[in-house]
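Reviewing the structure listed below.
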Amino acid sequence: MSYLRRVFVVLATFSCLFFISACTATEGGAGESEPLLEGAAEQSGPGQPTGLQAKTLLTWLREPWGMDFLPDGRLLLTEKEGVLKIVTPADWSTVDVGGLPEVFSEGQGGLLDVLVHPDFSDNGLIYLSYSIALDGGSTTRVARARLAGEQLEGLEVLFTALPAYNERRHYGSRLLLDDGYLYITVGDRGNRKLAQDLSTHNGKVMRLTESGGTPEDNPFVGQAGARQEIYSYGHRNPQGIAKNPVTGAIWVAEHGPQGGDEINILKAGANYGWPVITYGEEYGGGKIGEGTHKEGLEQPLVYYTPSLGVGGIDFYVGDHYPQWQPSLLVSGLRLKRLNRLELDGEGVGRETRLLGNSDMRIRDVQVGPDGLIYLLADRSRLIRVEID
């Protein structure tokens, strides 16, 4: 990117012209896509009107982090301090679930993601990711239990990331169940080099059986010194994971440093480069690692410079929002918006920025069973995206 073009992108970002330089992977590496105009959340907002409205359904939540829908349309929602709520959409009333494990709610830690088993109607199982205190610091843990009414029963620990560290950041903690396997994201915990160290769980995506076992075909099974649960490595802080309904591939979104947020397609045994390569830089400026490319290390499908501050992601294939099928929805914490990436074959095409005038740090995004989009606005609100 030329100096003049780089200056234009920076000025455009900070003057609310809402342009971005997004990059998609090609056969020969990452190449630039065209800048894209902001799509407004309401008719009076900046950019082209979209007819979208952000409707607040719940407020005064205490740092909501993760959510998932039950088969009957009710919503499970986590609050970071250690509360799991059942939300009833008929009147948007809530009740707190009993029987939760004790969590370490400091820094970025706490009760984080919640995942409903695809066969919940038969087995009643839900999965939780959360941080716990251990000797030497804190770490990420995943457990499952049966939801019986308003109570968890039979809680069993499936995974604990090792070792623990004193740093209180980069717990990862997004969960996905696919084809009988449980995927768990774990951040580098602020210890960069660990993302390249296969003897730790830090900076990795794990793949377990849904009951917590280690699949025999995991890529590092049998490798001396490697954690057998590891599926991929070289991640900084993966905050989103979802299955592409078109291709069946699993996509992961991760927080970069200053710049360099990434969306990657998950591959068994792949090294995604952190901190050896990155499109980001040190906070306040300064190079990290060896550059943006290195042989044997994966290139991101998309990277964001400046950082979007990616949170949860979800795919949209419905028909409530005209001409959105199919799309990837990416929540943004730092730039306070929802990004929609059009799917183009196995990659992405144009990007549209939504809700940029709502001043919301968006932590998570989910498509509900009603086909509408639900958002968690960091620190306070549950939002539904509606169209006029």
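Following the order of the structure tokens, first chain is A, next is B, and so on, with residues numbered from 1 inside each chain and ligands from 1 in the order they appear.
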Any chance you could tabulate, as a Markdown table, the residues of region 65-101 of chain A at most 10 Å from region 304-322 of chain A with each one's nearest atom pair and distance in Å to one decimal, using only C-alpha atoms, in chain and rising number order?
```
| residue | atom | partner | partner_atom | distance |
| --- | --- | --- | --- | --- |
| A:Trp65 | CA | A:Gly312 | CA | 9.1 |
| A:Gly66 | CA | A:Gly312 | CA | 8.2 |
| A:Met67 | CA | A:Gly312 | CA | 9.9 |
```
| said: Excluding Asn218 (chain A) and its own-chain neighbours fewer than 4 positions away, which residues fall within 12 Å of it when counting only C-alpha atoms? Please give them as a ChimeraX atom specification. | reply: /A:181,183,205-209,213-214,222-223,226-232,267-270
Could the residues in this selection be written to a file with C-alpha atoms, as a PDB file, in the first residue's frame?
```
ATOM      1  CA  TYR A 181     -16.589 -32.723  17.821  1.00  0.00           C
ATOM      2  CA  TYR A 183     -13.946 -26.975  19.181  1.00  0.00           C
ATOM      3  CA  VAL A 205      -7.833 -24.144  18.794  1.00  0.00           C
ATOM      4  CA  MET A 206      -8.682 -27.465  20.480  1.00  0.00           C
ATOM      5  CA  ARG A 207     -10.708 -30.324  19.043  1.00  0.00           C
ATOM      6  CA  LEU A 208     -12.291 -32.801  21.438  1.00  0.00           C
ATOM      7  CA  THR A 209     -15.079 -35.304  21.270  1.00  0.00           C
ATOM      8  CA  GLY A 213     -12.113 -37.135  24.806  1.00  0.00           C
ATOM      9  CA  THR A 214      -9.242 -36.710  22.358  1.00  0.00           C
ATOM     10  CA  GLY A 222       1.414 -39.285  19.137  1.00  0.00           C
ATOM     11  CA  GLN A 223       3.812 -36.348  18.758  1.00  0.00           C
ATOM     12  CA  ALA A 226       2.590 -31.893  22.133  1.00  0.00           C
ATOM     13  CA  ARG A 227      -0.809 -31.419  23.736  1.00  0.00           C
ATOM     14  CA  GLN A 228      -3.032 -33.994  22.064  1.00  0.00           C
ATOM     15  CA  GLU A 229      -6.123 -31.749  22.065  1.00  0.00           C
ATOM     16  CA  ILE A 230      -4.517 -29.161  19.736  1.00  0.00           C
ATOM     17  CA  TYR A 231      -6.081 -28.823  16.283  1.00  0.00           C
ATOM     18  CA  SER A 232      -4.362 -25.609  15.098  1.00  0.00           C
ATOM     19  CA  LYS A 267      -7.209 -26.467   8.972  1.00  0.00           C
ATOM     20  CA  ALA A 268      -5.933 -29.447  10.935  1.00  0.00           C
ATOM     21  CA  GLY A 269      -2.365 -28.919  12.119  1.00  0.00           C
ATOM     22  CA  ALA A 270      -2.042 -25.480  10.523  1.00  0.00           C
TER      23      ALA A 270
END
```
| Within 6 Å of Thr185 (chain A) using only C-alpha atoms, minus same-chain residues under 5 positions, as a list in words | Gly172, Ser173, Arg174, Val205 and Pro238 of chain A
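Using only C-alpha atoms, the shortest contact distance between Gly240 (chain A) and any of A:Gln325, A:Asp119, A:Asp364, A:Thr59 is found at A:Asp364.
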